[in-house]
Structure formats: structure tokens, C-alpha cells
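K.L.:
You'll find protein35.cif just under this line, and it carries mmCIF, C-alpha atoms.
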data_coords
loop_
_atom_site.label_atom_id
_atom_site.label_comp_id
_atom_site.auth_asym_id
_atom_site.auth_seq_id
_atom_site.Cartn_x
_atom_site.Cartn_y
_atom_site.Cartn_z
CA MET C 1 46.12 60.53 13.79
CA ARG C 2 46.73 56.86 12.94
CA ALA C 3 44.94 55.14 10.10
CA ALA C 4 45.04 52.05 7.91
CA ILE C 5 45.87 53.71 4.59
CA PHE C 6 45.14 52.09 1.24
CA ARG C 7 48.06 53.02 -0.97
CA GLN C 8 48.81 51.67 -4.45
CA GLY C 9 47.03 48.37 -3.89
CA SER C 10 47.95 47.56 -0.29
CA PHE C 11 47.30 48.71 3.27
CA VAL C 12 49.91 50.48 5.36
CA LEU C 13 49.69 51.73 8.93
CA GLY C 14 50.49 55.42 9.02
CA ASP C 15 49.46 58.92 9.99
CA VAL C 16 46.94 61.20 8.27
CA PRO C 17 46.09 64.80 9.19
CA ASP C 18 43.79 65.29 12.16
CA PRO C 19 40.29 66.40 11.07
CA GLN C 20 39.75 70.15 10.89
CA LEU C 21 36.14 70.62 11.86
CA GLN C 22 33.96 72.63 9.49
CA PRO C 23 30.83 74.47 10.66
CA GLY C 24 28.21 71.94 11.76
CA GLN C 25 30.68 69.07 12.24
CA VAL C 26 31.40 66.99 15.34
CA LEU C 27 34.66 65.19 16.06
CA VAL C 28 33.90 61.50 16.61
CA ARG C 29 36.37 58.92 17.87
CA THR C 30 35.92 55.72 15.84
CA LYS C 31 35.17 52.78 18.13
CA SER C 32 34.24 50.07 15.60
CA CYS C 33 34.10 49.91 11.81
CA GLY C 34 33.11 46.94 9.68
CA ILE C 35 34.89 45.76 6.55
CA CYS C 36 32.39 45.72 3.69
CA GLY C 37 32.28 43.54 0.59
CA THR C 38 32.49 46.71 -1.48
CA ASP C 39 35.75 47.47 0.33
CA LEU C 40 37.08 44.12 -0.87
CA HIS C 41 36.05 44.95 -4.45
CA ALA C 42 37.58 48.43 -4.26
CA ALA C 43 40.87 47.05 -2.96
CA ARG C 44 41.11 44.20 -5.45
CA PHE C 45 39.71 45.92 -8.54
CA THR C 46 40.71 49.51 -7.80
CA ARG C 47 41.00 50.77 -11.37
CA GLU C 48 37.69 49.20 -12.35
CA PHE C 49 36.05 50.62 -9.21
CA VAL C 50 37.29 54.14 -9.96
CA SER C 51 36.35 53.89 -13.64
CA LEU C 52 32.83 52.66 -12.89
CA SER C 53 32.34 55.41 -10.34
CA GLN C 54 33.34 58.05 -12.87
CA ARG C 55 31.18 56.57 -15.63
CA SER C 56 28.14 56.28 -13.35
CA GLY C 57 28.16 59.90 -12.22
CA GLY C 58 30.98 60.14 -9.69
CA ARG C 59 29.26 58.62 -6.67
CA TRP C 60 32.69 57.92 -5.18
CA THR C 61 35.72 60.21 -5.52
CA MET C 62 38.37 57.54 -5.04
CA ASP C 63 41.55 58.09 -7.09
CA THR C 64 44.00 55.32 -8.00
CA GLU C 65 46.95 57.68 -7.46
CA ARG C 66 45.96 59.01 -4.03
CA ASP C 67 45.92 57.54 -0.55
CA VAL C 68 42.48 56.76 0.83
CA VAL C 69 41.21 55.62 4.23
CA PHE C 70 38.36 53.11 3.87
CA GLY C 71 35.58 52.50 6.37
CA HIS C 72 31.88 53.29 6.02
CA GLU C 73 30.23 50.94 8.56
CA PHE C 74 31.05 52.64 11.83
CA MET C 75 30.05 53.76 15.31
CA GLY C 76 31.96 56.06 17.58
CA GLU C 77 32.16 58.37 20.58
CA VAL C 78 31.70 62.12 20.47
CA VAL C 79 34.91 63.97 21.35
CA ALA C 80 34.12 67.62 20.64
CA ASN C 81 31.57 69.87 18.97
CA GLY C 82 32.83 72.04 16.15
CA PRO C 83 31.84 75.58 15.20
CA GLY C 84 28.22 76.21 14.35
CA THR C 85 26.91 73.06 16.03
CA GLU C 86 23.81 73.07 18.24
CA GLY C 87 25.34 70.98 21.01
CA LYS C 88 22.89 68.09 20.55
CA PHE C 89 25.61 65.66 21.64
CA LYS C 90 28.08 65.87 24.48
CA PRO C 91 31.54 64.30 24.76
CA GLY C 92 31.23 60.61 25.53
CA ASP C 93 27.93 60.10 23.69
CA LEU C 94 27.90 57.04 21.45
CA VAL C 95 26.67 57.67 17.92
CA THR C 96 26.51 56.35 14.41
CA SER C 97 25.76 57.94 11.05
CA MET C 98 25.19 57.23 7.44
CA PRO C 99 28.64 57.21 5.76
CA LEU C 100 28.77 60.85 4.80
CA THR C 101 29.56 64.22 6.29
CA ILE C 102 28.52 67.75 5.38
CA ALA C 103 30.83 70.72 4.93
CA GLY C 104 28.80 73.87 4.30
CA ASN C 105 26.33 72.83 1.61
CA THR C 106 28.56 70.06 0.28
CA VAL C 107 27.84 66.41 1.05
CA LEU C 108 31.01 64.33 1.24
CA GLY C 109 31.00 60.54 1.16
CA LEU C 110 33.12 58.63 3.65
CA GLY C 111 35.05 55.46 2.94
CA TYR C 112 36.30 56.07 -0.60
CA ASN C 113 37.11 59.77 -0.33
CA PRO C 114 40.81 60.72 -0.48
CA ASP C 115 40.03 64.07 1.16
CA VAL C 116 38.20 62.80 4.26
CA ALA C 117 39.26 59.73 6.26
CA GLY C 118 36.72 57.00 6.86
CA GLY C 119 36.33 54.63 9.79
CA PHE C 120 39.72 52.96 9.43
CA ALA C 121 41.10 56.10 11.12
CA GLU C 122 41.08 57.08 14.77
CA CYS C 123 38.66 60.00 14.31
CA MET C 124 36.15 61.36 11.79
CA PRO C 125 34.53 64.78 11.22
CA LEU C 126 30.84 63.88 11.12
CA ALA C 127 27.85 66.15 10.48
CA GLU C 128 25.88 66.86 13.66
CA ARG C 129 22.61 66.80 11.73
CA MET C 130 23.32 63.24 10.53
CA LEU C 131 24.31 61.72 13.89
CA LEU C 132 22.06 59.16 15.56
CA PRO C 133 22.41 58.30 19.25
CA LEU C 134 22.76 54.63 20.10
CA PRO C 135 19.85 53.07 22.01
CA LYS C 136 20.80 52.71 25.68
CA THR C 137 20.22 48.93 25.71
CA MET C 138 22.37 48.30 22.64
CA GLU C 139 25.77 46.62 22.55
CA PRO C 140 27.76 49.55 21.14
CA ASP C 141 29.71 47.64 18.48
CA HIS C 142 26.46 46.24 17.07
CA ALA C 143 25.74 49.74 15.74
CA ALA C 144 28.60 49.30 13.27
CA LEU C 145 26.37 46.81 11.46
CA THR C 146 23.57 49.33 10.97
CA GLU C 147 24.89 50.21 7.51
CA PRO C 148 25.01 46.70 5.99
CA MET C 149 21.77 45.65 7.69
CA ALA C 150 20.06 48.74 6.29
CA ILE C 151 20.98 47.55 2.80
CA GLY C 152 19.04 44.34 3.40
CA LEU C 153 16.07 46.28 4.77
CA HIS C 154 16.08 48.57 1.74
CA ALA C 155 16.28 45.60 -0.65
CA VAL C 156 13.16 44.11 0.93
CA GLU C 157 11.14 47.31 1.31
CA TYR C 158 12.00 49.44 -1.72
CA PHE C 159 9.88 47.64 -4.31
CA GLY C 160 7.08 46.69 -1.96
CA VAL C 161 7.83 43.03 -1.25
CA ASN C 162 4.70 41.34 0.08
CA ASN C 163 4.18 38.25 2.18
CA ALA C 164 2.43 36.37 -0.61
CA GLU C 165 5.78 36.01 -2.38
CA VAL C 166 8.18 33.18 -1.56
CA PRO C 167 11.73 34.54 -1.39
CA LEU C 168 14.93 32.83 -2.52
CA VAL C 169 18.19 34.52 -1.55
CA ILE C 170 21.15 33.55 -3.73
CA GLY C 171 24.38 34.26 -1.85
CA CYS C 172 24.72 34.32 1.93
CA GLY C 173 27.53 36.80 2.45
CA PRO C 174 26.85 39.77 4.74
CA ILE C 175 24.38 41.41 2.34
CA GLY C 176 22.53 38.17 1.66
CA LEU C 177 22.34 37.56 5.41
CA ALA C 178 21.04 41.11 5.95
CA THR C 179 18.37 40.46 3.32
CA ILE C 180 17.36 37.21 5.04
CA ALA C 181 17.10 39.03 8.38
CA ALA C 182 14.94 41.76 6.83
CA LEU C 183 12.65 39.16 5.23
CA LYS C 184 12.31 37.45 8.61
CA LEU C 185 11.56 40.80 10.25
CA HIS C 186 8.68 41.30 7.81
CA GLY C 187 7.23 37.86 8.41
CA HIS C 188 8.04 36.14 5.12
CA ALA C 189 7.90 32.34 5.07
CA PRO C 190 9.36 30.14 3.93
CA ILE C 191 12.66 31.93 3.31
CA ILE C 192 14.97 29.90 1.07
CA ALA C 193 18.69 30.64 0.97
CA ALA C 194 21.50 29.15 -1.12
CA ASP C 195 25.28 29.29 -0.86
CA PHE C 196 28.15 26.94 -1.63
CA SER C 197 29.79 27.77 1.72
CA ALA C 198 28.81 25.59 4.67
CA GLY C 199 29.73 28.38 7.07
CA ARG C 200 27.50 30.86 5.32
CA ARG C 201 24.64 28.39 5.15
CA ALA C 202 24.88 27.95 8.91
CA LEU C 203 24.73 31.72 9.36
CA ALA C 204 21.73 31.91 7.03
CA LYS C 205 19.87 29.56 9.39
CA LYS C 206 20.77 31.74 12.38
CA MET C 207 19.58 34.87 10.57
CA GLY C 208 16.17 33.40 9.79
CA ALA C 209 16.27 31.19 6.68
CA ASP C 210 13.79 28.30 6.81
CA ILE C 211 15.28 26.24 3.97
CA VAL C 212 19.02 26.30 3.26
CA ILE C 213 20.39 24.82 0.04
CA ASP C 214 23.87 23.77 -1.04
CA PRO C 215 23.79 24.39 -4.83
CA ALA C 216 26.46 21.73 -5.29
CA VAL C 217 23.97 19.15 -4.04
CA GLU C 218 20.53 20.49 -4.97
CA SER C 219 19.11 23.15 -7.25
CA PRO C 220 17.77 26.09 -5.20
CA TYR C 221 15.31 26.75 -8.04
CA GLN C 222 13.77 23.30 -7.62
CA ALA C 223 13.39 24.01 -3.91
CA LEU C 224 11.66 27.28 -4.80
CA GLU C 225 9.34 25.50 -7.24
CA ARG C 226 8.30 23.09 -4.49
CA ALA C 227 7.70 25.93 -2.04
CA ILE C 228 5.44 27.92 -4.36
CA THR C 229 3.46 24.98 -5.77
CA PRO C 230 0.32 23.87 -3.87
CA ASP C 231 -1.10 20.38 -3.85
CA GLY C 232 -3.28 19.76 -6.89
CA HIS C 233 -1.60 22.38 -9.05
CA ASP C 234 -1.95 21.64 -12.77
CA ALA C 235 1.10 22.91 -14.67
CA SER C 236 -0.31 22.17 -18.13
CA ARG C 237 -0.71 25.01 -20.62
CA TYR C 238 -4.44 24.21 -20.83
CA ALA C 239 -4.89 24.77 -17.08
CA ALA C 240 -2.82 27.94 -17.24
CA LEU C 241 -4.84 29.24 -20.20
CA PHE C 242 -8.17 28.82 -18.42
CA GLY C 243 -7.01 29.49 -14.86
CA LEU C 244 -7.89 26.03 -13.61
CA GLY C 245 -6.85 24.55 -10.27
CA PRO C 246 -4.87 25.95 -7.30
CA LYS C 247 -2.52 28.80 -8.14
CA ARG C 248 1.16 28.90 -7.32
CA ARG C 249 2.47 31.58 -4.99
CA PRO C 250 4.58 34.28 -6.71
CA ALA C 251 8.35 33.89 -6.48
CA LEU C 252 10.86 36.54 -5.49
CA LEU C 253 14.61 36.08 -6.00
CA PHE C 254 17.38 38.19 -4.49
CA GLU C 255 20.77 38.24 -6.22
CA CYS C 256 23.29 38.86 -3.40
CA VAL C 257 26.50 37.59 -5.00
CA GLY C 258 27.68 40.20 -7.50
CA ILE C 259 29.79 38.08 -9.85
CA PRO C 260 29.30 37.46 -13.58
CA GLY C 261 27.06 34.57 -14.53
CA VAL C 262 24.77 34.62 -11.51
CA LEU C 263 22.03 36.71 -13.13
CA ALA C 264 21.98 34.49 -16.21
CA ALA C 265 21.63 31.38 -14.04
CA MET C 266 18.86 32.99 -12.02
CA MET C 267 16.89 33.96 -15.11
CA GLU C 268 17.15 30.41 -16.41
CA GLY C 269 16.16 28.87 -13.07
CA ALA C 270 13.45 31.33 -11.98
CA PRO C 271 9.78 30.32 -12.19
CA THR C 272 7.51 32.04 -14.68
CA GLY C 273 6.39 35.48 -13.55
CA ALA C 274 9.09 35.80 -10.87
CA ARG C 275 10.73 39.00 -9.75
CA ILE C 276 14.50 39.26 -9.43
CA ILE C 277 15.91 41.97 -7.18
CA VAL C 278 19.62 42.64 -7.73
CA VAL C 279 21.39 43.58 -4.51
CA GLY C 280 24.90 42.25 -5.19
CA VAL C 281 27.28 44.76 -6.80
CA CYS C 282 28.89 43.24 -9.89
CA MET C 283 31.80 45.39 -11.07
CA GLU C 284 32.54 43.44 -14.23
CA PRO C 285 30.70 43.15 -17.55
CA ASP C 286 28.05 40.46 -17.38
CA GLY C 287 25.86 38.71 -19.92
CA ILE C 288 22.29 37.45 -19.83
CA GLU C 289 20.04 35.58 -22.26
CA PRO C 290 16.97 37.81 -22.70
CA PHE C 291 14.99 34.86 -24.08
CA PHE C 292 14.46 33.51 -20.55
CA GLY C 293 13.19 36.85 -19.32
CA ILE C 294 10.83 37.11 -22.26
CA VAL C 295 9.27 33.66 -22.23
CA LYS C 296 8.90 33.71 -18.44
CA GLN C 297 7.87 37.38 -18.26
CA LEU C 298 10.39 38.04 -15.52
CA SER C 299 10.87 41.38 -13.79
CA MET C 300 14.36 42.53 -12.84
CA GLN C 301 14.87 45.39 -10.39
CA PHE C 302 18.03 46.94 -8.95
CA VAL C 303 18.58 48.47 -5.53
CA LEU C 304 21.34 50.49 -3.90
CA GLY C 305 21.93 51.55 -0.32
CA TYR C 306 19.07 52.85 1.83
CA SER C 307 17.27 56.04 2.81
CA ALA C 308 17.97 58.05 5.96
CA GLN C 309 14.68 56.75 7.38
CA GLU C 310 15.64 53.13 6.67
CA PHE C 311 19.05 53.66 8.27
CA ALA C 312 17.47 55.05 11.45
CA ALA C 313 14.84 52.29 11.48
CA THR C 314 17.55 49.64 11.16
CA LEU C 315 19.43 51.07 14.15
CA GLY C 316 16.19 50.87 16.12
CA HIS C 317 15.57 47.27 15.04
CA ILE C 318 19.07 46.23 16.12
CA GLY C 319 18.79 48.08 19.41
CA ALA C 320 15.45 46.41 20.19
CA GLY C 321 16.72 42.95 19.25
CA ARG C 322 14.42 42.59 16.26
CA LEU C 323 17.52 42.25 14.08
CA ASP C 324 20.14 40.07 15.77
CA VAL C 325 23.58 40.90 14.39
CA ARG C 326 25.61 38.93 16.94
CA PRO C 327 26.16 35.89 14.70
CA LEU C 328 27.69 38.10 12.00
CA ILE C 329 30.58 39.45 14.09
CA THR C 330 33.38 36.92 13.72
CA GLY C 331 36.48 39.00 14.42
CA ARG C 332 37.88 42.21 15.87
CA ILE C 333 41.21 43.69 14.83
CA GLY C 334 43.40 46.75 15.17
CA LEU C 335 44.56 49.03 12.35
CA ALA C 336 47.78 47.10 11.79
CA GLU C 337 45.82 43.96 10.94
CA VAL C 338 43.55 45.42 8.26
CA GLY C 339 45.60 44.14 5.32
CA ARG C 340 45.56 40.60 6.67
CA ALA C 341 41.83 40.81 7.38
CA PHE C 342 41.11 41.66 3.73
CA LYS C 343 42.90 38.44 2.75
CA ASP C 344 41.07 36.42 5.41
CA LEU C 345 37.69 37.66 4.17
CA ALA C 346 38.38 36.12 0.77
CA ASN C 347 37.62 32.76 2.42
CA PRO C 348 33.88 32.52 3.16
CA GLU C 349 34.46 29.77 5.73
CA THR C 350 36.66 31.98 7.91
CA HIS C 351 34.71 35.14 8.62
CA ALA C 352 31.44 37.00 8.08
CA LYS C 353 32.05 40.49 9.49
CA ILE C 354 35.35 41.72 10.91
CA LEU C 355 35.25 44.89 12.99
CA VAL C 356 38.19 47.27 12.89
CA GLU C 357 38.85 48.95 16.24
CA PRO C 358 41.30 51.80 15.53
CA TRP C 359 42.25 52.35 19.18
CA ARG C 360 42.89 48.65 19.82
#
Could you render the structure from this file as C-alpha cells?
P.N.:
Amino acid sequence: MRAAIFRQGSFVLGDVPDPQLQPGQVLVRTKSCGICGTDLHAARFTREFVSLSQRSGGRWTMDTERDVVFGHEFMGEVVANGPGTEGKFKPGDLVTSMPLTIAGNTVLGLGYNPDVAGGFAECMPLAERMLLPLPKTMEPDHAALTEPMAIGLHAVEYFGVNNAEVPLVIGCGPIGLATIAALKLHGHAPIIAADFSAGRRALAKKMGADIVIDPAVESPYQALERAITPDGHDASRYAALFGLGPKRRPALLFECVGIPGVLAAMMEGAPTGARIIVVGVCMEPDGIEPFFGIVKQLSMQFVLGYSAQEFAATLGHIGAGRLDVRPLITGRIGLAEVGRAFKDLANPETHAKILVEPWR
């Protein structure tokens, strides 16, 4: 079958072996697959990506010396049921899945696995028990955004975010936008978002941000201070010591950038007592100044991925229109165009989410 193969730092269009279905697997024809920010990191910083994976417990099995077929944000069409399946799905059914498959009792990740092709290939061997049918009213390609939108939902729900907190989202790439949409879904207001890109700021508005900041013009932390501070608030240490006057609302900051220096800036800019939830994946060493965390009594929490329940819930939210992913889809390409798309995505003004359609 055809695939966009990542080989020694670049993408080539070529053939990979057709999937050989293991017991419990279903052959699924890939219809749409999104390009993720982690894909961009893995392609640009391959050695660092592989090293970090190995040092952190081997979450991904990518190897710098072996071909790999990316793609972990996908939806597809059932082609055939393999041995040992229950026949829950028939050929032609549209499905999606978390980016993994199961062979026997072994769970295999998809997207960075040199032994199993991901969604940048024409077909995938997916586990029947992991497949989710698409809601009948859903635009099929919207299901390819279930995975990134589930990350935003998990970021908002995992540590029990509550509506008393005023959120500030730093970085309005796809994950920041997913976080904004999840905050909107849960009724948070006002939602503040910040990004240097005008295009991303416009998308943040569409996804539910109430206040959008260009950090080159205004400090997002000053905007947050205004949003959490009621009229008549006394910021003096005397008032704080004795609990006098109206209280400020708690602040909640989401780091959705994933480059060195952002966390340090957020700790310096965050209000006293704020929480910082780190969603962006930084793959380089970073430095912070603990003094700011200490004197402000900040909390810093890290999140990754989503649960199976959150993934299924996200699909339902998209299908019902509670999460509108239409503004995020800015391009559709075939396998031969994957390499160019990775370069295009380096410019935040050009695209948000490009969908790869292997049969295009």
C-alpha cells in the first residue's frame, strides 16, 4: 500500500507492506488524518524525540535508523474484519480510534511505530475493541480532530478546573485552540488567549476566547490581573493579611506553546496563588526561576493525552456540534504533499490543521 514515509529526516512517497491482521483487528481504510504539532517536533528534532522517548520509559518506539509512517489523528472506513473479531462493524462503516492497536495482549502505538503504519498510509490494522462509530450527523472528516480536541478536554478536566477560575491560554496553535474550546464547553468566562500570530488570534475568537491579546502590544498577564480583580479590591499587604475587601478570582494559566522560556515568563507574570497547567510539549531543556513560584505560591501541573472516556466524549461533543472544529481545518492534501505541508505548518499564519487524505 502507498504511504508517506519518513526516512532519514524527510518524507518520501512509497510502498509499505499491507497490514496482516492479527486476531481482534479490523482493516480500516484511512480517509483523513491530521498533522499534529508533535509530528512537526518528531520530524525536526528526530534524535531528541527518540532519546526523550527512551529516557521517559519508551512511550514511543520510533527509531532514527528505520522508516516510520506518521499519523495519529485519523478516521477511516472499515474494509474487512480480521480473525477473532465479533463483527461489530461492517464494511463501509465510518470509525475512529485512539491512536493504538492491539495484537494479542500487546498494545501498539500508532504514528511513531516503525512496525505498524499510522494514518499517513492507505490502511491501518485497528483493534475492534477500540473502534468508535461516527455519529450519523457528523461530517466524517471532523472525526479526525477528535484526538487533538480530546487533549484540550483532558487539560481542562484532569485537575478539576472550576468556573471560579479565570483562564489564560498562552499559545493558540491547535492544542491551545482545543483548550479554549474545552473551556468554552464548560462555561468558563472570561477566557483570555494570547498569541503573536494574528491568524491564530482570529481562530481563538472563533473557538470561544472572550479576550484575545497580542503579546507584542499588551501583556496578557496584565489583562488577566484586570479580569480577576473586582472593584474595590485592596492589594495592600495589610488588607491581604486581614482578609479585608473584595477578593480576587483565582487565576488559571495554560501553557500551550512548548518552547523554552515560556514557563519562566509565565511564572514571572502569573498572579499570586495561580495554577499553571502545562499542555505544550517542550522537547528541549528549559529553565525556570523557582523564586517566583515560591513567593507567589504557584502550582504547576502537567498533563498528557486523554483517557478512553474523554476520547469518546470528545467525539460525541464534535458530532453534536458542542465542539465546532470547522474553523481549524485549513487544508487537505494527498500523500505526495505531506513533506510540503510540514514546511507550510511552520508558518502560523498559513494553516491551523491540515488533513492528509491518503486516497486523494
K.L.:
Around the point (35.8, 52.4, 11.2) (coordinates from the file), which residues reach within 6 Å if we count only C-alpha atoms? Answer as a VMD selection string.
P.N.:
chain C and resid 30 32 to 33 71 74 119 to 120 356
K.L.:
Please provide the set of residues having any atom within 12 Å of Tyr221 of chain C, restricted to all atoms listed in the file, with same-chain residues fewer than 5 positions apart removed, written as a list in words.
P.N.:
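What passes the distance filter is Val166, Pro167, Leu168, Val169, Ile170, Ile192, Ala193, Ala194, Val212, Ile213, Asp214, Pro215, Arg226, Ala227, Ile228, Ala251, Leu252, Leu253, Ala265, Met266, Met267, Glu268, Gly269, Ala270, Pro271, Thr272 and Ala274 of chain C.
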K.L.:
Pick out the residues sitting within 8 Å of Ala43 of chain C, and hand them over as a PyMOL selection string; count only C-alpha atoms, and ignore anything fewer than 6 positions along from it in its own chain.
P.N.:
chain C and resi 6+9-10
K.L.:
Residues of segment 43-88 of chain C that approach segment 281-301 of chain C to 9 Å or less, counting only C-alpha atoms: could you list each one with the shortest pair of atoms and its distance in Å to one decimal, rows by chain and increasing residue number, as a Markdown table?
P.N.:
| residue | atom | partner | partner_atom | distance |
| --- | --- | --- | --- | --- |
| C:Phe45 | CA | C:Met283 | CA | 8.3 |
| C:Glu48 | CA | C:Met283 | CA | 7.1 |
| C:Phe49 | CA | C:Met283 | CA | 7.0 |
| C:Leu52 | CA | C:Met283 | CA | 7.6 |
K.L.:
Just so the selection is clear, what residues does the PyMOL selection byres ((chain C and resi 135) around 12) cover here, as JSON, numbers by chain?
P.N.:
{"C": [93, 94, 95, 96, 132, 133, 134, 136, 137, 138, 139, 140, 141, 142, 143, 312, 313, 314, 315, 316, 317, 318, 319, 320, 321]}
K.L.:
Which of these residues is nearest to Glu65 of chain C, using all atoms listed in the file: C:Arg29, C:Met98, C:Arg7, C:Pro190?
P.N.:
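Looking at the shortest contact to Glu65 of chain C, the residue is C:Arg7.
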K.L.:
Report as a PDB file with C-alpha atoms, in the coordinates of the input the residues that result from applying the PyMOL selection byres ((chain C and resi 206) around 10) to the structure here.
P.N.:
ATOM      1  CA  LEU C 177      22.340  37.560   5.410  1.00  0.00           C
ATOM      2  CA  ILE C 180      17.360  37.210   5.040  1.00  0.00           C
ATOM      3  CA  ALA C 181      17.100  39.030   8.380  1.00  0.00           C
ATOM      4  CA  ARG C 200      27.500  30.860   5.320  1.00  0.00           C
ATOM      5  CA  ARG C 201      24.640  28.390   5.150  1.00  0.00           C
ATOM      6  CA  ALA C 202      24.880  27.950   8.910  1.00  0.00           C
ATOM      7  CA  LEU C 203      24.730  31.720   9.360  1.00  0.00           C
ATOM      8  CA  ALA C 204      21.730  31.910   7.030  1.00  0.00           C
ATOM      9  CA  LYS C 205      19.870  29.560   9.390  1.00  0.00           C
ATOM     10  CA  MET C 207      19.580  34.870  10.570  1.00  0.00           C
ATOM     11  CA  GLY C 208      16.170  33.400   9.790  1.00  0.00           C
ATOM     12  CA  ALA C 209      16.270  31.190   6.680  1.00  0.00           C
ATOM     13  CA  ASP C 210      13.790  28.300   6.810  1.00  0.00           C
ATOM     14  CA  ASP C 324      20.140  40.070  15.770  1.00  0.00           C
ATOM     15  CA  VAL C 325      23.580  40.900  14.390  1.00  0.00           C
ATOM     16  CA  ARG C 326      25.610  38.930  16.940  1.00  0.00           C
ATOM     17  CA  PRO C 327      26.160  35.890  14.700  1.00  0.00           C
ATOM     18  CA  LEU C 328      27.690  38.100  12.000  1.00  0.00           C
TER      19      LEU C 328
END
K.L.:
Assuming the chain letters and numbering stay as they are in my file, what does the PyMOL selection byres ((chain C and resi 84) around 6) actually select? List them as a list of chain:residue names.
P.N.:
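For this structure, the PyMOL selection byres ((chain C and resi 84) around 6) resolves to C:Pro23, C:Gly24, C:Pro83, C:Thr85.
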K.L.:
With all atoms listed in the file as the basis for distance, which of C:Gly92, C:Pro260, C:Pro250, C:Gly280 is at the shortest distance from Glu225 of chain C?
P.N.:
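With all atoms listed in the file as the atom set, the closest residue is C:Pro250.
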K.L.:
Excluding same-chain residues fewer than 2 positions from Val161 of chain C, what lies within 12 Å of it counting only C-alpha atoms, as a list in words?
P.N.:
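Selected residues are Leu153, His154, Ala155, Val156, Glu157, Tyr158, Phe159, Asn163, Ala164, Glu165, Val166, Pro167, Thr179, Ala182, Leu183, His186, Gly187, His188, Pro250, Ala251, Leu252, Leu253, Phe254, Arg275, Ile276, Ile277 and Gln301 of chain C.
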K.L.:
One decimal, Å: what's the distance from atom CA of Gly261 of chain C over to atom CA of His41 of chain C, could you say?
P.N.:
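Atom-to-atom, atom CA of Gly261 of chain C to atom CA of His41 of chain C, that is 17.0 Å.
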K.L.:
By how many Å are atom CA of Ala198 of chain C and atom CA of Ile354 of chain C apart?
P.N.:
18.5 Å
K.L.:
Work out how far atom CA of Phe311 of chain C is from atom CA of Leu185 of chain C, in Å to one decimal.
P.N.:
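Straight-line distance from atom CA of Leu185 of chain C to atom CA of Phe311 of chain C works out to 15.0 Å.
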K.L.:
Nearest to Gly87 of chain C: which of C:Gly152, C:Ala144, C:Thr61, C:Val26 is it, counting only C-alpha atoms?
P.N.:
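So, comparing all the options, the nearest one is C:Val26.
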K.L.:
Could you check the closest approach to Lys31 of chain C for each of C:Leu110, C:Leu244, C:Leu323, C:Ala121 and tell me which residue wins, using only C-alpha atoms?
P.N.:
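Checking each candidate against Lys31 of chain C, we get C:Ala121 as the closest.
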K.L.:
I'd like the contact shell of Gly109 of chain C - 10 Å cut-off, all atoms listed in the file, skipping same-chain residues fewer than 3 positions apart - returned as number ranges by chain.
P.N.:
C: 59-61, 72, 98-102, 106, 112-118
K.L.:
Using all atoms listed in the file, which of C:Ala352, C:Ala336, C:Leu263, C:Leu345 sits nearest Ala4 of chain C?
P.N.:
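So, comparing all the options, the nearest one is C:Ala336.
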K.L.:
Which one of C:Glu77, C:Glu147, C:Asp63, C:Asp39 sits closest to Leu304 of chain C if you count all atoms listed in the file?
P.N.:
C:Glu147
